[in-house]
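So this one's upload.txt, compact mmCIF, C-alpha atoms:
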```txt
# COMPACT_ATOMS: atom_id res chain seq x y z
CA MET A 14 104.38 155.78 59.88
CA ASN A 15 107.68 157.13 61.13
CA TYR A 16 107.79 160.50 59.42
CA LYS A 17 110.87 161.65 61.33
CA ASN A 18 112.79 158.63 60.11
CA ARG A 19 111.82 159.55 56.55
CA ARG A 20 113.04 163.11 57.06
CA ASP A 21 116.29 161.85 58.57
CA GLN A 22 116.80 159.56 55.58
CA LEU A 23 116.18 162.45 53.21
CA LEU A 24 118.63 164.63 55.11
CA ASP A 25 121.32 161.93 54.96
CA LEU A 26 120.72 161.35 51.25
CA VAL A 27 120.88 165.05 50.38
CA ARG A 28 124.02 165.56 52.46
CA THR A 29 125.67 162.58 50.76
CA GLN A 30 124.78 163.59 47.22
CA HIS A 31 125.39 167.33 47.72
CA ALA A 32 128.34 167.21 50.12
CA SER A 33 129.89 170.39 48.72
CA TYR A 34 126.92 172.56 49.72
CA GLN A 35 125.49 173.59 53.06
CA GLY A 36 121.92 174.55 53.90
CA PRO A 37 118.63 173.14 55.18
CA ILE A 38 115.90 171.23 53.40
CA VAL A 39 112.83 173.46 53.06
CA LEU A 40 109.59 171.83 51.95
CA PHE A 41 106.46 173.80 51.11
CA SER A 42 102.82 172.72 51.02
CA PRO A 43 100.41 174.24 48.45
CA CYS A 44 98.13 177.17 49.10
CA ASP A 45 94.42 176.75 49.68
CA SER A 46 91.13 177.51 47.95
CA ALA A 47 87.64 178.04 49.27
CA TYR A 48 86.14 176.25 46.26
CA ARG A 49 87.79 172.83 46.25
CA SER A 50 88.88 170.31 48.83
CA PHE A 51 92.49 170.70 49.82
CA VAL A 52 94.83 167.89 48.77
CA GLN A 53 98.26 167.91 50.34
CA GLU A 54 101.28 167.75 48.04
CA SER A 55 102.56 164.19 48.02
CA ASN A 56 106.13 164.88 49.12
CA PHE A 57 105.00 167.14 51.93
CA TYR A 58 102.59 164.47 53.11
CA TYR A 59 105.18 161.70 52.81
CA PHE A 60 107.61 163.53 55.07
CA SER A 61 105.13 164.98 57.58
CA GLY A 62 101.75 163.22 57.51
CA ILE A 63 100.18 166.64 57.99
CA ILE A 64 97.35 167.98 55.82
CA GLU A 65 97.61 171.73 56.30
CA PRO A 66 97.76 174.31 53.47
CA ALA A 67 100.48 176.92 53.20
CA SER A 68 102.80 175.23 55.69
CA VAL A 69 106.56 174.84 55.60
CA MET A 70 109.04 172.30 56.96
CA VAL A 71 112.63 173.31 57.67
CA ILE A 72 114.86 170.27 58.16
CA SER A 73 118.48 170.61 59.24
CA GLN A 74 121.01 168.54 61.10
CA ASP A 75 120.35 170.46 64.29
CA LYS A 76 116.62 171.00 64.21
CA GLN A 77 113.38 170.13 62.43
CA VAL A 78 110.78 172.89 62.59
CA PHE A 79 107.20 172.93 61.31
CA TYR A 80 105.73 176.31 60.31
CA LYS A 81 101.98 176.84 60.00
CA PRO A 82 100.09 179.98 58.93
CA ALA A 83 99.10 182.33 61.75
CA TYR A 84 95.33 182.08 61.45
CA THR A 85 92.95 183.76 63.85
CA ASP A 86 91.02 181.61 66.34
CA THR A 87 87.84 181.97 64.28
CA ARG A 88 89.25 179.74 61.50
CA ALA A 89 88.16 176.63 63.40
CA GLN A 90 84.54 177.72 62.80
CA TRP A 91 85.08 177.58 59.03
CA VAL A 92 87.72 174.97 58.21
CA ASP A 93 88.32 171.50 59.66
CA SER A 94 91.65 170.67 58.00
CA ALA A 95 94.14 171.00 60.84
CA ALA A 96 92.95 173.55 63.34
CA ASP A 97 94.36 171.38 66.12
CA ILE A 98 98.04 171.61 65.14
CA THR A 99 99.80 172.19 68.45
CA GLN A 100 103.27 171.94 69.89
CA ASN A 101 102.40 168.53 71.37
CA ASN A 102 101.12 166.83 68.24
CA ILE A 103 103.90 168.36 66.15
CA GLN A 104 106.37 166.71 68.50
CA GLU A 105 104.52 163.42 68.03
CA GLN A 106 105.41 163.71 64.35
CA GLY A 107 109.06 164.14 65.32
CA PHE A 108 109.42 167.89 64.91
CA ASP A 109 111.45 169.85 67.45
CA ASP A 110 109.40 173.02 67.30
CA LEU A 111 106.25 174.66 65.94
CA GLN A 112 106.43 178.18 64.53
CA VAL A 113 104.23 180.40 62.35
CA THR A 114 105.04 181.40 58.80
CA GLY A 115 104.31 185.08 59.35
CA LYS A 116 101.89 187.64 60.72
CA ILE A 117 98.35 186.87 61.86
CA PHE A 118 95.83 187.53 59.10
CA PRO A 119 92.02 187.52 59.10
CA SER A 120 91.28 185.13 56.21
CA VAL A 121 90.59 181.41 56.73
CA HIS A 122 92.39 180.50 53.48
CA VAL A 123 95.87 181.25 52.14
CA TYR A 124 95.46 181.85 48.42
CA PRO A 125 98.25 181.48 45.81
CA TYR A 126 98.69 185.25 45.50
CA PHE A 127 99.11 185.56 49.25
CA ASP A 128 100.01 188.71 51.14
CA TYR A 129 103.76 188.55 51.73
CA ALA A 130 103.23 189.22 55.42
CA THR A 131 101.68 185.74 55.63
CA TYR A 132 105.17 184.31 54.96
CA GLU A 133 107.16 187.05 56.71
CA ASN A 134 109.10 184.65 58.96
CA ILE A 135 109.88 182.29 56.09
CA THR A 136 111.01 185.22 53.95
CA ALA A 137 113.38 186.35 56.70
CA LEU A 138 114.73 182.81 57.16
CA LEU A 139 115.42 182.29 53.45
CA SER A 140 116.95 185.74 53.10
CA ASP A 141 119.35 185.02 55.97
CA LEU A 142 120.38 181.73 54.37
CA ILE A 143 121.12 183.46 51.07
CA ARG A 144 123.10 186.21 52.81
CA ASP A 145 125.18 183.55 54.55
CA GLY A 146 125.92 181.79 51.27
CA LYS A 147 123.82 178.72 52.07
CA LYS A 148 121.78 176.66 49.64
CA ILE A 149 118.07 175.89 49.95
CA PHE A 150 117.25 172.26 49.16
CA THR A 151 113.64 171.99 48.03
CA ILE A 152 111.24 170.52 45.48
CA TYR A 153 111.68 172.59 42.34
CA PRO A 154 111.84 170.41 39.19
CA SER A 155 112.59 172.02 35.85
CA ASN A 156 109.88 170.26 33.83
CA SER A 157 106.48 171.73 33.03
CA TYR A 158 104.22 169.36 34.94
CA GLN A 159 105.58 168.39 38.37
CA ALA A 160 105.05 170.22 41.69
CA ILE A 161 103.34 173.14 39.99
CA GLU A 162 101.57 174.40 43.13
CA ILE A 163 104.78 174.16 45.16
CA ARG A 164 106.80 176.03 42.58
CA ALA A 165 104.09 178.71 42.60
CA VAL A 166 104.77 179.34 46.31
CA VAL A 167 108.53 179.54 45.70
CA ASP A 168 108.03 181.84 42.71
CA ARG A 169 105.78 184.11 44.75
CA LEU A 170 108.42 184.36 47.50
CA ALA A 171 111.09 185.05 44.87
CA GLN A 172 109.32 188.33 44.14
CA VAL A 173 110.52 189.68 47.48
CA ILE A 174 113.66 187.56 48.08
CA PRO A 175 116.45 188.62 45.70
CA ASN A 176 118.38 185.74 44.08
CA LEU A 177 116.18 183.05 45.65
CA HIS A 178 116.13 180.89 42.52
CA ASP A 179 119.94 181.04 42.26
CA HIS A 180 120.28 179.43 45.69
CA ILE A 181 117.78 176.60 45.19
CA ILE A 182 118.89 173.01 44.65
CA ASP A 183 116.11 170.72 43.48
CA ILE A 184 115.83 167.49 45.47
CA SER A 185 113.01 165.87 43.49
CA ALA A 186 115.29 162.96 42.57
CA GLN A 187 116.18 162.28 46.20
CA THR A 188 112.56 162.38 47.40
CA ALA A 189 111.57 160.07 44.54
CA GLN A 190 114.34 157.65 45.47
CA LEU A 191 113.00 157.34 49.00
CA ARG A 192 109.33 157.18 48.01
CA ARG A 193 109.77 154.53 45.33
CA LYS A 194 110.17 151.45 47.53
CA LYS A 195 106.99 151.13 49.53
CA GLU A 196 107.01 150.36 53.26
CA MET A 197 104.67 147.65 54.53
CA VAL A 198 102.26 150.21 55.99
CA GLU A 199 102.06 151.86 52.57
CA LEU A 200 101.42 148.51 50.94
CA GLU A 201 98.51 147.94 53.31
CA LEU A 202 96.99 151.28 52.28
CA LEU A 203 97.45 150.44 48.61
CA TYR A 204 95.74 147.11 49.21
CA LYS A 205 92.85 148.94 50.86
CA ALA A 206 92.57 151.38 47.95
CA ALA A 207 92.48 148.39 45.57
CA GLU A 208 89.83 146.67 47.71
CA ILE A 209 87.58 149.74 47.63
CA THR A 210 88.17 150.02 43.90
CA ALA A 211 87.15 146.37 43.47
CA ASN A 212 83.90 147.01 45.32
CA ALA A 213 83.21 150.05 43.14
CA HIS A 214 83.88 148.23 39.87
CA GLN A 215 81.65 145.33 40.86
CA ALA A 216 78.87 147.77 41.72
CA ALA A 217 79.41 149.49 38.36
CA MET A 218 79.11 146.16 36.54
CA HIS A 219 75.70 145.69 38.13
CA MET A 220 74.64 149.08 36.72
CA LEU A 221 75.39 148.20 33.11
CA LYS A 222 72.46 147.76 30.76
CA PRO A 223 71.65 149.14 27.29
CA GLY A 224 70.07 152.57 27.64
CA ARG A 225 71.81 153.54 30.85
CA ASN A 226 74.03 156.61 30.82
CA GLU A 227 77.78 156.75 31.41
CA ALA A 228 77.04 159.21 34.21
CA GLU A 229 75.03 156.61 36.12
CA VAL A 230 78.01 154.25 36.10
CA GLN A 231 80.34 157.05 37.22
CA ALA A 232 77.95 157.95 40.04
CA THR A 233 77.89 154.33 41.19
CA LEU A 234 81.68 154.11 41.25
CA GLU A 235 82.13 157.31 43.18
CA PHE A 236 79.29 156.60 45.60
CA VAL A 237 81.12 153.42 46.64
CA PHE A 238 84.37 155.35 46.98
CA ALA A 239 82.76 157.91 49.29
CA GLU A 240 80.77 155.31 51.22
CA GLN A 241 84.00 153.49 52.07
CA GLY A 242 86.00 156.52 53.15
CA ALA A 243 87.79 157.18 49.89
CA CYS A 244 87.53 159.47 46.88
CA ALA A 245 88.37 159.24 43.20
CA ALA A 246 92.13 159.16 42.67
CA TYR A 247 91.68 160.78 39.24
CA PRO A 248 88.76 161.75 36.98
CA SER A 249 86.80 158.55 36.41
CA ILE A 250 86.51 157.35 32.81
CA VAL A 251 83.30 155.66 31.65
CA ALA A 252 83.65 155.53 27.88
CA GLY A 253 81.10 153.67 25.79
CA GLY A 254 81.57 152.59 22.18
CA PRO A 255 83.71 154.99 20.09
CA ARG A 256 84.54 157.07 23.16
CA GLY A 257 86.55 154.11 24.44
CA THR A 258 89.25 155.07 21.92
CA ILE A 259 89.76 158.43 23.70
CA LEU A 260 92.37 157.64 26.33
CA HIS A 261 91.46 160.38 28.83
CA TYR A 262 87.76 160.71 28.04
CA SER A 263 85.94 161.94 31.15
CA THR A 264 82.80 163.74 29.96
CA ASN A 265 80.80 160.64 30.91
CA ASN A 266 77.38 161.83 29.71
CA GLN A 267 76.40 159.61 26.79
CA PRO A 268 73.99 156.65 26.67
CA LEU A 269 75.39 153.12 26.59
CA LEU A 270 74.11 151.23 23.57
CA ASP A 271 73.42 147.58 22.95
CA GLY A 272 76.40 145.81 21.41
CA GLN A 273 78.95 148.37 22.60
CA LEU A 274 81.90 147.91 24.92
CA VAL A 275 82.46 150.36 27.77
CA VAL A 276 85.90 151.17 29.15
CA VAL A 277 85.75 151.90 32.88
CA ASP A 278 88.97 153.38 34.27
CA ALA A 279 88.44 154.35 37.91
CA GLY A 280 90.48 154.02 41.09
CA ALA A 281 90.07 155.04 44.71
CA ARG A 282 92.36 157.22 46.78
CA TYR A 283 92.41 156.01 50.38
CA ASN A 284 94.40 157.93 52.99
CA TYR A 285 96.28 159.51 50.09
CA TYR A 286 97.27 156.17 48.48
CA CYS A 287 95.91 155.45 45.02
CA ALA A 288 94.56 152.57 43.00
CA ASP A 289 94.39 152.73 39.20
CA VAL A 290 92.28 150.01 37.58
CA THR A 291 90.63 149.61 34.18
CA ARG A 292 88.14 147.05 32.97
CA THR A 293 86.26 146.76 29.69
CA TYR A 294 82.69 145.47 29.84
CA PRO A 295 80.09 144.45 27.23
CA VAL A 296 77.04 146.67 27.68
CA SER A 297 74.73 143.90 26.46
CA GLY A 298 76.24 141.38 28.89
CA LYS A 299 77.96 139.35 26.19
CA PHE A 300 80.96 140.02 23.96
CA THR A 301 80.49 139.66 20.21
CA ALA A 302 82.84 137.20 18.50
CA GLU A 303 85.13 140.03 17.34
CA GLN A 304 85.07 141.80 20.71
CA LYS A 305 85.88 138.53 22.45
CA GLN A 306 88.84 137.87 20.16
CA LEU A 307 90.33 141.32 20.76
CA TYR A 308 89.59 141.24 24.50
CA GLU A 309 91.34 137.90 24.89
CA LEU A 310 94.32 139.30 22.99
CA VAL A 311 94.63 142.20 25.45
CA LEU A 312 94.20 139.89 28.43
CA GLU A 313 96.83 137.49 27.07
CA CYS A 314 99.21 140.43 26.64
CA GLN A 315 98.69 141.53 30.24
CA GLU A 316 99.31 138.02 31.55
CA LEU A 317 102.48 137.71 29.45
CA VAL A 318 103.86 141.01 30.73
CA ALA A 319 102.90 140.30 34.36
CA GLU A 320 104.76 136.99 34.28
CA GLN A 321 107.96 138.86 33.38
CA ALA A 322 107.58 141.85 35.71
CA LYS A 323 110.47 141.16 38.07
CA PRO A 324 113.43 143.05 39.53
CA GLY A 325 115.92 143.75 36.76
CA MET A 326 113.28 144.32 34.08
CA TRP A 327 112.43 147.84 32.91
CA LEU A 328 109.04 149.43 32.49
CA SER A 329 110.41 150.72 29.18
CA ASN A 330 113.90 150.57 27.69
CA LYS A 331 114.27 150.82 23.92
CA ASP A 332 117.92 149.70 24.14
CA GLU A 333 117.11 146.52 26.09
CA GLN A 334 113.84 145.52 24.48
CA GLU A 335 113.95 141.90 25.65
CA LEU A 336 114.01 143.26 29.23
CA SER A 337 111.46 146.05 28.59
CA LEU A 338 107.86 145.37 29.62
CA HIS A 339 106.58 147.96 27.19
CA HIS A 340 108.41 146.44 24.24
CA ILE A 341 107.36 142.93 25.21
CA ALA A 342 103.75 144.15 24.97
CA LEU A 343 104.38 146.08 21.76
CA ASN A 344 106.04 143.10 20.09
CA PHE A 345 103.19 140.85 21.21
CA PHE A 346 100.65 143.09 19.49
CA LYS A 347 102.95 143.46 16.47
CA LYS A 348 102.99 139.68 16.05
CA HIS A 349 99.19 139.79 15.82
CA GLY A 350 99.10 142.85 13.53
CA TYR A 351 97.73 145.33 16.07
CA GLU A 352 100.81 147.27 17.21
CA LYS A 353 99.56 150.60 15.79
CA TYR A 354 96.48 150.36 18.02
CA PHE A 355 98.53 150.13 21.24
CA THR A 356 99.11 153.84 21.69
CA HIS A 357 100.37 154.30 25.26
CA SER A 358 103.01 152.88 27.58
CA ILE A 359 102.53 149.55 29.34
CA GLY A 360 102.37 151.09 32.82
CA HIS A 361 103.72 153.42 35.47
CA PHE A 362 104.65 153.60 39.13
CA LEU A 363 101.79 153.91 41.63
CA GLY A 364 101.59 155.21 45.19
CA LEU A 365 100.76 158.58 46.71
CA ASP A 366 100.36 159.79 43.13
CA VAL A 367 98.51 157.90 40.42
CA HIS A 368 101.57 158.36 38.22
CA ASP A 369 103.95 158.05 41.12
CA VAL A 370 107.54 159.20 41.31
CA GLY A 371 110.26 156.83 40.19
CA ASP A 372 113.16 156.84 37.75
CA VAL A 373 111.98 154.86 34.71
CA SER A 374 115.55 154.86 33.37
CA ARG A 375 116.42 152.39 36.13
CA PRO A 376 115.22 148.77 36.23
CA LEU A 377 112.42 147.56 38.45
CA GLN A 378 113.35 146.69 42.01
CA GLU A 379 111.75 144.75 44.82
CA GLY A 380 109.09 146.87 46.54
CA ASP A 381 107.98 148.78 43.44
CA ILE A 382 104.26 149.17 42.81
CA ILE A 383 103.38 149.44 39.12
CA THR A 384 100.43 149.23 36.78
CA ILE A 385 100.29 146.89 33.79
CA GLU A 386 97.71 148.16 31.33
CA PRO A 387 97.80 146.95 27.73
CA GLY A 388 95.09 148.26 25.46
CA LEU A 389 93.88 148.38 21.87
CA TYR A 390 92.07 151.43 20.47
CA ILE A 391 90.53 150.94 17.03
CA PRO A 392 88.56 154.00 15.85
CA GLU A 393 87.36 152.35 12.64
CA LYS A 394 85.69 149.64 14.72
CA GLN A 395 84.47 152.20 17.29
CA LEU A 396 85.87 150.25 20.21
CA GLY A 397 88.57 150.47 22.80
CA ILE A 398 89.75 147.75 25.17
CA ARG A 399 92.01 148.28 28.17
CA ILE A 400 92.72 145.95 31.08
CA GLU A 401 94.73 147.51 33.92
CA ASP A 402 95.81 146.10 37.26
CA ASN A 403 98.13 147.12 40.08
CA TYR A 404 101.15 144.93 40.89
CA TRP A 405 103.66 144.68 43.72
CA ILE A 406 107.11 143.65 42.51
CA VAL A 407 108.59 140.89 44.70
CA ASP A 408 111.78 138.81 44.49
CA GLN A 409 112.15 136.93 41.20
CA THR A 410 108.63 135.51 41.27
CA THR A 411 105.48 136.65 39.51
CA PRO A 412 104.36 139.96 41.03
CA VAL A 413 101.44 140.17 43.43
CA CYS A 414 98.30 141.62 41.84
CA LEU A 415 96.68 143.99 44.34
CA SER A 416 93.51 144.30 42.23
CA GLU A 417 92.95 140.64 41.44
CA ALA A 418 89.48 140.67 43.07
CA ILE A 419 88.02 142.53 40.09
CA PRO A 420 86.82 139.99 37.49
CA LYS A 421 88.45 140.11 34.07
CA SER A 422 87.99 136.71 32.41
CA ILE A 423 85.42 136.61 29.62
CA GLN A 424 83.10 134.33 31.56
CA ALA A 425 83.33 136.20 34.87
CA VAL A 426 82.77 139.60 33.27
CA GLU A 427 79.76 138.44 31.26
CA GLU A 428 78.17 136.77 34.28
CA MET A 429 78.63 139.86 36.48
CA VAL A 430 77.12 142.21 33.90
CA GLN A 431 74.19 139.89 33.16
CA GLN A 432 73.25 139.81 36.85
CA SER A 433 72.03 143.39 36.55
CA PHE A 434 69.50 142.58 33.84
CA ASP A 435 67.10 140.91 36.27
CA VAL A 436 67.25 143.81 38.71
CA ASP A 437 65.29 147.02 38.17
CA LEU A 438 67.58 149.75 39.56
```
Could you write out this file's structure as structure tokens?
Amino acid sequence: MNYKNRRDQLLDLVRTQHASYQGPIVLFSPCDSAYRSFVQESNFYYFSGIIEPASVMVISQDKQVFYKPAYTDTRAQWVDSAADITQNNIQEQGFDDLQVTGKIFPSVHVYPYFDYATYENITALLSDLIRDGKKIFTIYPSNSYQAIEIRAVVDRLAQVIPNLHDHIIDISAQTAQLRRKKEMVELELLYKAAEITANAHQAAMHMLKPGRNEAEVQATLEFVFAEQGACAAYPSIVAGGPRGTILHYSTNNQPLLDGQLVVVDAGARYNYYCADVTRTYPVSGKFTAEQKQLYELVLECQELVAEQAKPGMWLSNKDEQELSLHHIALNFFKKHGYEKYFTHSIGHFLGLDVHDVGDVSRPLQEGDIITIEPGLYIPEKQLGIRIEDNYWIVDQTTPVCLSEAIPKSIQAVEEMVQQSFDVDL
């Protein structure tokens, strides 16, 4: 991937859309923890390809500088994340220079309530920019859920940099604009994530049998993820019977009973790119007549929506409902008397984040990756059904399903589940 080209594109876009202001783009990566694996912030990764906590990029017309924490040499004995960041490999990523964020410190982790000396050089840089009347273009959205760990770094620095917040211009919209249309190399990684997810779901189908526990199915899914160089992109959902009506159920510790359906929502993250796939399986290996009727309704809805998922359509637009994938699905279920049981949106963008960046107020465009995931959740019948796949929007033709290898027809699903009954696992 050409990370420098991405940074140059971001710089040009910010300069064009904020022509009246001067100042560099400053991107922060999250702080670290000793008790969980570090996951790089998606924007930082998209524009650098570097997985290093507590780092900073400063991007200007004249120079692009990468700042890393000034760890002691002993850190390499404790942490494997990026102890080999050097001037040479930074230049390979298109940066002009490598600097340190502040003073050398003895810890091997930079925690969210870091010592200010750790960022001493960054503090001085930002203070100089403010003194000179410059703006600081960074990721700092105003909502309550995006870039929380990044905003925590900025807020910590604001404790010692007067008026920092007043000089920040949020560039979340510009980064989202660039990230939305996937490059071919990104598409290949998304395909790989979907392939690993397909392998995991097929293994999970072979684990299904009355009396097994949801946890056993989850373990099977995530074993396959790990075995194939991936991890779970989000908390896996294995929800049997009435728990299938809980959209974000993830306790996954109850037995699977004969006659129940089980909703399995699990996707792999591979090299930071995510799959998001849901299937609904009959625990007994065969759908009841009622389950079959409702399952086929959900599948028919997904096929209807997928056929119309083209550039110019919206994921959701209440003012243009005939062009809105969500309202097409909602009206389909309404025609069959089930609209109140379809309780979530039809889908979302997918990429470096499971719910990836993208302006849903704008129509779909060629190169988008989306999910299409109709579902029915009927508490009084103690069953939930969701079918979710990942689609690549192309031209004016039917989109390409990245997750098509995972069976979803009635016959294919029943056959796959029944294969486990003759095997003592």
Contact residues around range 233-237 of chain A with all atoms listed in the file at 12 Å, ignoring same-chain residues under 5 positions, as an MDAnalysis selection string: chainID A and resid 206 208:221 226:228 242:251 277:282 290 438
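With all atoms listed in the file as the atoms that count, the minimum distance from His349 in chain A to the choices A:Gln432, A:Asn15, A:Gln306, A:Asn102 is reached by A:Gln306.
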Give, as AutoDock Vina command-line options, the centre coordinates and the x, y and z edge lengths in Å to one decimal for an axis-aligned box around all listed atoms of range 294-302 of chain A, padded by 5 Å on each side.
```
--center_x 78.8 --center_y 141.9 --center_z 24.2 --size_x 18.1 --size_y 19.5 --size_z 21.3
```
Residue neighbourhood Val370 in chain A, 10 Å, all atoms listed in the file, exclusion window fewer than 4 positions, as a tab-separated table (two decimals) with C-alpha atoms, in the coordinates of the input:
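What ended up in selection05.tsv:
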```
chain	number	residue	atom	x	y	z
A	55	SER	CA	102.56	164.19	48.02
A	56	ASN	CA	106.13	164.88	49.12
A	159	GLN	CA	105.58	168.39	38.37
A	185	SER	CA	113.01	165.87	43.49
A	186	ALA	CA	115.29	162.96	42.57
A	188	THR	CA	112.56	162.38	47.40
A	189	ALA	CA	111.57	160.07	44.54
A	190	GLN	CA	114.34	157.65	45.47
A	191	LEU	CA	113.00	157.34	49.00
A	192	ARG	CA	109.33	157.18	48.01
A	193	ARG	CA	109.77	154.53	45.33
A	361	HIS	CA	103.72	153.42	35.47
A	362	PHE	CA	104.65	153.60	39.13
A	363	LEU	CA	101.79	153.91	41.63
A	364	GLY	CA	101.59	155.21	45.19
A	365	LEU	CA	100.76	158.58	46.71
A	366	ASP	CA	100.36	159.79	43.13
```
Pick from A:Lys148, A:Ser68, A:Leu139, A:Ile359, whichever lies nearest to Thr114 in chain A using all atoms listed in the file: A:Ser68
Please return range 58-76 of chain A, rebuilt to N, CA and C atoms, as a PDB file, in the coordinates of the input.
```
ATOM      1  N   TYR A  58     103.299 165.457  52.308  1.00  0.00           N
ATOM      2  CA  TYR A  58     102.590 164.470  53.110  1.00  0.00           C
ATOM      3  C   TYR A  58     103.497 163.307  53.490  1.00  0.00           C
ATOM      4  N   TYR A  59     104.301 162.843  52.559  1.00  0.00           N
ATOM      5  CA  TYR A  59     105.180 161.700  52.810  1.00  0.00           C
ATOM      6  C   TYR A  59     106.147 161.973  53.952  1.00  0.00           C
ATOM      7  N   PHE A  60     106.607 163.204  54.061  1.00  0.00           N
ATOM      8  CA  PHE A  60     107.610 163.530  55.070  1.00  0.00           C
ATOM      9  C   PHE A  60     107.033 164.172  56.341  1.00  0.00           C
ATOM     10  N   SER A  61     105.715 164.375  56.379  1.00  0.00           N
ATOM     11  CA  SER A  61     105.130 164.980  57.580  1.00  0.00           C
ATOM     12  C   SER A  61     103.860 164.289  58.064  1.00  0.00           C
ATOM     13  N   GLY A  62     103.047 163.769  57.135  1.00  0.00           N
ATOM     14  CA  GLY A  62     101.750 163.220  57.510  1.00  0.00           C
ATOM     15  C   GLY A  62     100.740 164.276  57.886  1.00  0.00           C
ATOM     16  N   ILE A  63     101.030 165.533  57.578  1.00  0.00           N
ATOM     17  CA  ILE A  63     100.180 166.640  57.990  1.00  0.00           C
ATOM     18  C   ILE A  63      99.476 167.249  56.788  1.00  0.00           C
ATOM     19  N   ILE A  64      98.164 167.429  56.915  1.00  0.00           N
ATOM     20  CA  ILE A  64      97.350 167.980  55.820  1.00  0.00           C
ATOM     21  C   ILE A  64      96.963 169.403  56.200  1.00  0.00           C
ATOM     22  N   GLU A  65      97.853 170.326  55.957  1.00  0.00           N
ATOM     23  CA  GLU A  65      97.610 171.730  56.300  1.00  0.00           C
ATOM     24  C   GLU A  65      98.148 172.603  55.176  1.00  0.00           C
ATOM     25  N   PRO A  66      97.288 173.445  54.561  1.00  0.00           N
ATOM     26  CA  PRO A  66      97.760 174.310  53.470  1.00  0.00           C
ATOM     27  C   PRO A  66      98.791 175.322  53.946  1.00  0.00           C
ATOM     28  N   ALA A  67      99.592 175.779  52.998  1.00  0.00           N
ATOM     29  CA  ALA A  67     100.480 176.920  53.200  1.00  0.00           C
ATOM     30  C   ALA A  67     101.438 176.744  54.371  1.00  0.00           C
ATOM     31  N   SER A  68     101.853 175.515  54.612  1.00  0.00           N
ATOM     32  CA  SER A  68     102.800 175.230  55.690  1.00  0.00           C
ATOM     33  C   SER A  68     104.185 175.009  55.131  1.00  0.00           C
ATOM     34  N   VAL A  69     105.157 174.974  56.013  1.00  0.00           N
ATOM     35  CA  VAL A  69     106.560 174.840  55.600  1.00  0.00           C
ATOM     36  C   VAL A  69     107.276 173.950  56.613  1.00  0.00           C
ATOM     37  N   MET A  70     108.135 173.078  56.117  1.00  0.00           N
ATOM     38  CA  MET A  70     109.040 172.300  56.960  1.00  0.00           C
ATOM     39  C   MET A  70     110.468 172.764  56.717  1.00  0.00           C
ATOM     40  N   VAL A  71     111.210 172.978  57.774  1.00  0.00           N
ATOM     41  CA  VAL A  71     112.630 173.310  57.670  1.00  0.00           C
ATOM     42  C   VAL A  71     113.403 172.216  58.398  1.00  0.00           C
ATOM     43  N   ILE A  72     114.189 171.468  57.645  1.00  0.00           N
ATOM     44  CA  ILE A  72     114.860 170.270  58.160  1.00  0.00           C
ATOM     45  C   ILE A  72     116.363 170.474  58.071  1.00  0.00           C
ATOM     46  N   SER A  73     117.019 170.480  59.204  1.00  0.00           N
ATOM     47  CA  SER A  73     118.480 170.610  59.240  1.00  0.00           C
ATOM     48  C   SER A  73     119.048 169.567  60.178  1.00  0.00           C
ATOM     49  N   GLN A  74     120.357 169.507  60.230  1.00  0.00           N
ATOM     50  CA  GLN A  74     121.010 168.540  61.100  1.00  0.00           C
ATOM     51  C   GLN A  74     120.701 168.805  62.565  1.00  0.00           C
ATOM     52  N   ASP A  75     120.535 170.077  62.900  1.00  0.00           N
ATOM     53  CA  ASP A  75     120.350 170.460  64.290  1.00  0.00           C
ATOM     54  C   ASP A  75     118.899 170.469  64.739  1.00  0.00           C
ATOM     55  N   LYS A  76     117.996 170.751  63.796  1.00  0.00           N
ATOM     56  CA  LYS A  76     116.620 171.000  64.210  1.00  0.00           C
ATOM     57  C   LYS A  76     115.656 170.754  63.057  1.00  0.00           C
TER      58      LYS A  76
END
```
